[in-house]
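Below you'll find the structure, written out as structure tokens, and then a few comments.
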Amino acid sequence: MDAQKLFDDGHQWYVFGRDPEKPEKILDTNQYMIVDGKRSILLDPGGIEVFSTMLASVLKYVNIEHLTDLFASHQDPDIISSLGMWDQVLPNSSLHCSGIWEGFIRHFGMDNIEYKPIDDAGGRITLENIELDFIPAHYMHSSGNFNVYDPKSKILFSGDVGAALEPPGAPMFVDDFEQHVENMRFFHQRWMPSNEAKSHWIQRIRKLDIDILAPQHGRLFKGPDVQRFLDWFDQLDVGSAIK
Amino acid sequence: MPHASSQIAAQTAASATISGHLFRASIIAKRMALAAKNSRAMVLRAGTKAAGLKVISDYFDGLAGKTITLSNIINQCAISISRTSVRQWRTQTFLDRLALCQLRLGPEKSNMLDGAVTHRRLFLEEQLHSLRSQLSELKDQLADIQQYMQSSNVVAVTFRLEATQTGEFQSILESMANTISQQSNDIKAHITTSQNKLSHFQI
Ligand SMILES: [Fe+2]
Ligand SMILES: [Fe+2]
């Protein structure tokens, strides 16, 4: 599994993905880790099939006892079906996720980890020094859905928003936005259910100062590509299955 | 590791299957209890002609009651075995994935996971221990039910013999005896299948 450091100034951001060992029919996912001294959080730790690789990858950068928090943007299997495994390897950690999903997510198996529900209005977590904001992104696509914004590194983890479906081995960052649009169109039209929710989300996100927009699938957006993405998404009609 | 995941998966399926068979056996046992009540009423109506049958039908009634109770207990026992198996299965899956991860981490870093491995292995041992005792309990209980069914077949034979003395009641009492032996055989079949399923457990 590829790992790249996205930010390193007092605290670190890593992205893991493009796993060549994952079974072929499994959708490729990006997992993120933020390390702040002796506390680290995994964002969307992934499905059960990538668990072994993920664990081995993160332990290259942190000690296991410093992996204190997990975050799930929503309840999907590609996000958090590995929970039953993390639960056994990190018995003292906490999982942050929308409060509406607790009873559902526990079906993945959770005997030890503490569930910390995030309120619909959003929330905030302090690691050792840094603060991270849980930004509401409901119906984008899940009905209880959050992004994570780090004001210091100016990275927004956007979950399924900004996702692209691409052949394996694609680069980590968007290099040609116009070309990349075709990898994103179907995903957003089909998985995003509501134009209203979309406009709401864009308004909220435009107020943030963002250097990198980091989705859970496909490539990351950097610099001017962040605005390009927001503009493109703004004019896209979504909820295509009922049209 | 004493168990491969596939072995544990087979156990989980086997105990769930046993639980299903015992559920069906308990339904037959309920019908059997009803048949016992009917035979008793019939024996009373036949009066002195069927005096010898009274004792047998009382005994049969008691047997049916015990069968219902025991099959319910066994059903519960099989469910808890299935639950233990699932827990064992999940732990084993976890350990398998952890072993893979240790391989990837290499010798310097893999010892970071030793604590988790030891802890979960211990848990697995505990699960195995309770599985062992649950299984031996189940084995005994299944044998008990088989014994009951042996007795109820004897009841059916005696019933049929005694019925020949009862004149106009003979045919109806005979058909009751047939029902009893049919139901006993049906229960026996479920128990035999369950006993065979137990052979999936290699602990
Ligand atoms: Fe999703
Ligand atoms: Fe996803």
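Residues in the structure tokens are numbered from 1 in each chain, the chains being A, B, ... in the order shown, and ligands are numbered from 1 in the order shown.
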Residue hits in chain B, query chain A, radius 8 Å, only C-alpha atoms, as a list of chain:residue names: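 Residues satisfying the distance criterion: B:Phe94, B:Arg97, B:Leu98, B:Leu100, B:Cys101, B:Gln102, B:Arg104, B:Leu105, B:Lys109, B:Met112, B:Leu113, B:Ala116, B:Arg120.
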Any chance you could export the current selection's N, CA and C atoms as a PDB file, in the first residue's frame?
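And here's selection.pdb as it stands now:
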ATOM      1  N   PHE B  94      -9.264 -12.448  13.213  1.00  0.00           N
ATOM      2  CA  PHE B  94      -8.419 -11.338  13.644  1.00  0.00           C
ATOM      3  C   PHE B  94      -6.965 -11.780  13.757  1.00  0.00           C
ATOM      4  N   ARG B  97      -5.359 -12.265  10.413  1.00  0.00           N
ATOM      5  CA  ARG B  97      -5.013 -10.992   9.761  1.00  0.00           C
ATOM      6  C   ARG B  97      -3.824 -10.317  10.440  1.00  0.00           C
ATOM      7  N   LEU B  98      -3.756 -10.498  11.742  1.00  0.00           N
ATOM      8  CA  LEU B  98      -2.641  -9.927  12.490  1.00  0.00           C
ATOM      9  C   LEU B  98      -1.320 -10.609  12.101  1.00  0.00           C
ATOM     10  N   LEU B 100      -0.605 -11.864   9.255  1.00  0.00           N
ATOM     11  CA  LEU B 100      -0.274 -11.317   7.944  1.00  0.00           C
ATOM     12  C   LEU B 100       0.398  -9.955   8.095  1.00  0.00           C
ATOM     13  N   CYS B 101      -0.170  -9.178   8.994  1.00  0.00           N
ATOM     14  CA  CYS B 101       0.347  -7.829   9.244  1.00  0.00           C
ATOM     15  C   CYS B 101       1.759  -7.904   9.828  1.00  0.00           C
ATOM     16  N   GLN B 102       1.989  -8.845  10.734  1.00  0.00           N
ATOM     17  CA  GLN B 102       3.322  -8.981  11.346  1.00  0.00           C
ATOM     18  C   GLN B 102       4.364  -9.344  10.301  1.00  0.00           C
ATOM     19  N   ARG B 104       4.267  -8.458   7.216  1.00  0.00           N
ATOM     20  CA  ARG B 104       4.552  -7.239   6.442  1.00  0.00           C
ATOM     21  C   ARG B 104       5.426  -6.263   7.214  1.00  0.00           C
ATOM     22  N   LEU B 105       5.241  -6.231   8.520  1.00  0.00           N
ATOM     23  CA  LEU B 105       5.971  -5.275   9.338  1.00  0.00           C
ATOM     24  C   LEU B 105       7.447  -5.630   9.478  1.00  0.00           C
ATOM     25  N   LYS B 109       9.527  -4.416  13.870  1.00  0.00           N
ATOM     26  CA  LYS B 109       8.305  -3.746  14.323  1.00  0.00           C
ATOM     27  C   LYS B 109       7.205  -4.717  14.730  1.00  0.00           C
ATOM     28  N   MET B 112       5.534  -5.173  18.187  1.00  0.00           N
ATOM     29  CA  MET B 112       4.567  -4.195  18.697  1.00  0.00           C
ATOM     30  C   MET B 112       3.203  -4.853  18.887  1.00  0.00           C
ATOM     31  N   LEU B 113       2.965  -5.891  18.101  1.00  0.00           N
ATOM     32  CA  LEU B 113       1.643  -6.520  18.124  1.00  0.00           C
ATOM     33  C   LEU B 113       1.593  -7.746  19.032  1.00  0.00           C
ATOM     34  N   ALA B 116      -1.166  -7.759  21.727  1.00  0.00           N
ATOM     35  CA  ALA B 116      -2.514  -8.026  21.215  1.00  0.00           C
ATOM     36  C   ALA B 116      -2.675  -9.508  20.882  1.00  0.00           C
ATOM     37  N   ARG B 120      -5.404 -11.953  22.721  1.00  0.00           N
ATOM     38  CA  ARG B 120      -6.504 -12.580  21.980  1.00  0.00           C
ATOM     39  C   ARG B 120      -6.355 -14.103  21.973  1.00  0.00           C
TER      40      ARG B 120
END
Helix (DSSP H, G or I) call set, DSSP backbone run, stretch 7-241 of chain A, as JSON, numbers by chain: {"A": [48, 49, 50, 51, 52, 53, 54, 55, 56, 57, 58, 64, 65, 66, 77, 78, 79, 80, 83, 84, 85, 86, 87, 88, 89, 99, 100, 101, 102, 103, 104, 105, 106, 107, 108, 177, 178, 179, 180, 181, 182, 183, 184, 185, 186, 187, 188, 189, 190, 191, 195, 196, 197, 198, 199, 200, 201, 202, 203, 204, 205, 206, 224, 225, 226, 227, 228, 229, 230, 231, 232, 233, 234, 240, 241]}
Distance query stretch 181-187 of chain B at most 10 Å, only C-alpha atoms, self and fewer than 3 positions along chain excluded, as number ranges by chain: B: 21-22, 24-29, 31-32, 35, 64, 67, 71, 145-146, 148-157, 175-178, 190-192
Selection above as a file: C-alpha atoms, as a PDB file, in the first residue's frame:
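Once everything was written out, this is out14.pdb:
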ATOM      1  CA  HIS B  21     -33.037 -29.674  14.491  1.00  0.00           C
ATOM      2  CA  LEU B  22     -33.762 -29.425  18.184  1.00  0.00           C
ATOM      3  CA  ARG B  24     -38.112 -29.042  15.130  1.00  0.00           C
ATOM      4  CA  ALA B  25     -37.784 -31.931  17.585  1.00  0.00           C
ATOM      5  CA  SER B  26     -39.418 -29.803  20.283  1.00  0.00           C
ATOM      6  CA  ILE B  27     -42.371 -29.094  17.995  1.00  0.00           C
ATOM      7  CA  ILE B  28     -42.846 -32.831  17.438  1.00  0.00           C
ATOM      8  CA  ALA B  29     -42.520 -33.366  21.184  1.00  0.00           C
ATOM      9  CA  ARG B  31     -47.525 -32.896  19.283  1.00  0.00           C
ATOM     10  CA  MET B  32     -46.472 -35.999  21.172  1.00  0.00           C
ATOM     11  CA  ALA B  35     -51.183 -37.364  21.587  1.00  0.00           C
ATOM     12  CA  ALA B  64     -43.528 -36.330  26.401  1.00  0.00           C
ATOM     13  CA  THR B  67     -38.870 -34.476  26.045  1.00  0.00           C
ATOM     14  CA  SER B  71     -35.285 -30.336  23.742  1.00  0.00           C
ATOM     15  CA  ILE B 145     -33.325 -37.727  24.451  1.00  0.00           C
ATOM     16  CA  GLN B 146     -32.388 -40.766  22.398  1.00  0.00           C
ATOM     17  CA  TYR B 148     -36.440 -41.220  25.947  1.00  0.00           C
ATOM     18  CA  MET B 149     -37.300 -42.076  22.383  1.00  0.00           C
ATOM     19  CA  GLN B 150     -36.217 -45.671  22.954  1.00  0.00           C
ATOM     20  CA  SER B 151     -38.648 -45.789  25.874  1.00  0.00           C
ATOM     21  CA  SER B 152     -41.434 -44.202  23.921  1.00  0.00           C
ATOM     22  CA  ASN B 153     -41.046 -46.834  21.207  1.00  0.00           C
ATOM     23  CA  VAL B 154     -41.433 -49.470  23.902  1.00  0.00           C
ATOM     24  CA  VAL B 155     -44.545 -47.618  25.046  1.00  0.00           C
ATOM     25  CA  ALA B 156     -45.942 -47.787  21.525  1.00  0.00           C
ATOM     26  CA  VAL B 157     -45.346 -51.549  21.293  1.00  0.00           C
ATOM     27  CA  SER B 175     -53.623 -45.868  15.434  1.00  0.00           C
ATOM     28  CA  MET B 176     -52.562 -43.874  18.483  1.00  0.00           C
ATOM     29  CA  ALA B 177     -49.740 -46.332  19.057  1.00  0.00           C
ATOM     30  CA  ASN B 178     -48.683 -45.801  15.444  1.00  0.00           C
ATOM     31  CA  HIS B 190     -33.419 -35.156  14.261  1.00  0.00           C
ATOM     32  CA  ILE B 191     -31.282 -36.200  17.210  1.00  0.00           C
ATOM     33  CA  THR B 192     -29.201 -38.614  15.128  1.00  0.00           C
TER      34      THR B 192
END
Close residues, A:Asp8 itself excluded, 10 Å, only C-alpha atoms, min 3 positions apart in chain, as a list of chain:residue names: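 The filter keeps A:Lys5, A:His11, A:Gln12, A:Trp13, A:Tyr14, A:Ile34, A:Val35, A:Ser153.
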Atoms to include: N, CA and C atoms. Write the selected residues as a short mmCIF file (atom, residue, chain, number, x, y, z; two decimals), in the first residue's frame.
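Okay, this is what ended up in result.cif:
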data_model
loop_
_atom_site.label_atom_id
_atom_site.label_comp_id
_atom_site.auth_asym_id
_atom_site.auth_seq_id
_atom_site.Cartn_x
_atom_site.Cartn_y
_atom_site.Cartn_z
N LYS A 5 3.22 11.42 2.70
CA LYS A 5 3.06 12.42 3.74
C LYS A 5 2.51 13.68 3.07
N HIS A 11 2.64 18.66 13.34
CA HIS A 11 1.90 17.41 13.24
C HIS A 11 1.93 16.92 11.79
N GLN A 12 1.51 15.68 11.59
CA GLN A 12 1.64 15.09 10.25
C GLN A 12 0.31 14.54 9.73
N TRP A 13 0.18 14.64 8.41
CA TRP A 13 -0.93 13.98 7.70
C TRP A 13 -0.33 12.94 6.76
N TYR A 14 -0.91 11.74 6.78
CA TYR A 14 -0.50 10.71 5.82
C TYR A 14 -1.73 10.25 5.04
N ILE A 34 -3.76 11.27 10.89
CA ILE A 34 -3.18 12.51 11.40
C ILE A 34 -2.45 12.16 12.69
N VAL A 35 -1.17 12.50 12.75
CA VAL A 35 -0.36 12.19 13.93
C VAL A 35 -0.03 13.49 14.65
N SER A 153 -3.21 22.78 8.96
CA SER A 153 -2.61 22.30 7.70
C SER A 153 -3.45 22.73 6.50
#
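Neighbouring residues of stretch 221-235 of chain A at 9 Å or closer, counting only C-alpha atoms and skipping chain neighbours under 5 positions away, are Gly162, Phe173, Val174, Asp175, Asp176, Phe177, Val181, Arg185, His188, Asn195, Lys198, Ser199, Ile202, Ile205, Arg206, Ile210, Asp211, Ile212, Leu213, Ala214 and Pro215 of chain A.
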Contacts of A:Gln31 within 8 Å, only C-alpha atoms, excl. fewer than 3 positions in-chain, as a PyMOL selection string: chain A and resi 15-17+42-46+216
Cut-off 7 Å, only C-alpha atoms and all ligand atoms, neighbours of ligand 2 as a VMD selection string: chain A and resid 76 78 to 79 159 to 160 216 to 217
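Here the question is which of B:Glu168, B:Asn196, B:Ser82, B:Ala163 gets nearest to B:Leu53 using only C-alpha atoms, and that residue is B:Ala163.
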Among listed residues A:Ser194, A:Leu27, A:Tyr149, A:Met172, nearest ligand 1 (using only C-alpha atoms and all ligand atoms):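 Ranking A:Ser194, A:Leu27, A:Tyr149, A:Met172 by distance to ligand 1, first place goes to A:Leu27.
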Who sits within 12 Å of B:Thr48, only C-alpha atoms, same chain under 3 positions skipped, as a ChimeraX atom specification: /B:42-45,51-54,165-167,169
Write the residues you've just listed into a file as a PDB file, in the first residue's frame, and include N, CA, C and O atoms for each of them.
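Full text of again25.pdb as output:
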ATOM      1  N   MET B  42     -58.852 -41.371  25.880  1.00  0.00           N
ATOM      2  CA  MET B  42     -59.417 -42.561  25.241  1.00  0.00           C
ATOM      3  C   MET B  42     -59.388 -43.761  26.193  1.00  0.00           C
ATOM      4  O   MET B  42     -60.366 -44.507  26.298  1.00  0.00           O
ATOM      5  N   VAL B  43     -58.282 -43.895  26.901  1.00  0.00           N
ATOM      6  CA  VAL B  43     -58.139 -45.000  27.858  1.00  0.00           C
ATOM      7  C   VAL B  43     -59.209 -44.894  28.946  1.00  0.00           C
ATOM      8  O   VAL B  43     -59.833 -45.883  29.320  1.00  0.00           O
ATOM      9  N   LEU B  44     -59.454 -43.654  29.391  1.00  0.00           N
ATOM     10  CA  LEU B  44     -60.479 -43.460  30.424  1.00  0.00           C
ATOM     11  C   LEU B  44     -61.855 -43.862  29.905  1.00  0.00           C
ATOM     12  O   LEU B  44     -62.643 -44.507  30.585  1.00  0.00           O
ATOM     13  N   ARG B  45     -62.100 -43.482  28.616  1.00  0.00           N
ATOM     14  CA  ARG B  45     -63.409 -43.820  28.031  1.00  0.00           C
ATOM     15  C   ARG B  45     -63.564 -45.324  27.880  1.00  0.00           C
ATOM     16  O   ARG B  45     -64.650 -45.879  28.048  1.00  0.00           O
ATOM     17  N   ALA B  51     -57.787 -51.043  31.412  1.00  0.00           N
ATOM     18  CA  ALA B  51     -57.135 -50.716  32.701  1.00  0.00           C
ATOM     19  C   ALA B  51     -55.613 -50.801  32.602  1.00  0.00           C
ATOM     20  O   ALA B  51     -54.892 -49.961  33.129  1.00  0.00           O
ATOM     21  N   GLY B  52     -55.134 -51.811  31.860  1.00  0.00           N
ATOM     22  CA  GLY B  52     -53.684 -51.993  31.716  1.00  0.00           C
ATOM     23  C   GLY B  52     -53.020 -50.838  30.980  1.00  0.00           C
ATOM     24  O   GLY B  52     -51.825 -50.594  31.128  1.00  0.00           O
ATOM     25  N   LEU B  53     -53.817 -50.106  30.180  1.00  0.00           N
ATOM     26  CA  LEU B  53     -53.258 -49.017  29.381  1.00  0.00           C
ATOM     27  C   LEU B  53     -53.055 -47.735  30.175  1.00  0.00           C
ATOM     28  O   LEU B  53     -52.305 -46.857  29.775  1.00  0.00           O
ATOM     29  N   LYS B  54     -53.774 -47.659  31.277  1.00  0.00           N
ATOM     30  CA  LYS B  54     -53.747 -46.408  32.059  1.00  0.00           C
ATOM     31  C   LYS B  54     -52.323 -46.059  32.497  1.00  0.00           C
ATOM     32  O   LYS B  54     -51.849 -44.942  32.282  1.00  0.00           O
ATOM     33  N   GLN B 165     -57.028 -56.009  23.621  1.00  0.00           N
ATOM     34  CA  GLN B 165     -57.990 -56.452  24.631  1.00  0.00           C
ATOM     35  C   GLN B 165     -59.202 -55.517  24.744  1.00  0.00           C
ATOM     36  O   GLN B 165     -60.071 -55.724  25.552  1.00  0.00           O
ATOM     37  N   THR B 166     -59.214 -54.423  23.941  1.00  0.00           N
ATOM     38  CA  THR B 166     -60.182 -53.376  24.253  1.00  0.00           C
ATOM     39  C   THR B 166     -61.389 -53.334  23.318  1.00  0.00           C
ATOM     40  O   THR B 166     -62.113 -52.343  23.276  1.00  0.00           O
ATOM     41  N   GLY B 167     -61.629 -54.388  22.565  1.00  0.00           N
ATOM     42  CA  GLY B 167     -62.833 -54.471  21.737  1.00  0.00           C
ATOM     43  C   GLY B 167     -62.950 -53.342  20.743  1.00  0.00           C
ATOM     44  O   GLY B 167     -62.054 -53.128  19.916  1.00  0.00           O
ATOM     45  N   PHE B 169     -62.488 -50.317  20.943  1.00  0.00           N
ATOM     46  CA  PHE B 169     -61.468 -49.251  21.014  1.00  0.00           C
ATOM     47  C   PHE B 169     -60.153 -49.652  20.344  1.00  0.00           C
ATOM     48  O   PHE B 169     -59.247 -48.840  20.204  1.00  0.00           O
TER      49      PHE B 169
END
Among listed residues B:Gln147, B:Ser133, B:Thr164, B:Thr84, nearest B:Gln11 (using only C-alpha atoms):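 Counting only C-alpha atoms, the residue closest to B:Gln11 is B:Thr84.
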Two-atom distance - atom CA of A:Asp111, atom CA of A:Glu131 (Å):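 Those two atoms sit 27.6 Å apart.
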Nearest-residue call for ligand 1, choices A:Val148, A:Ile135, A:Ile80, A:Ile105, using only C-alpha atoms and all ligand atoms: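 Among the listed residues, A:Ile80 lies closest to ligand 1.
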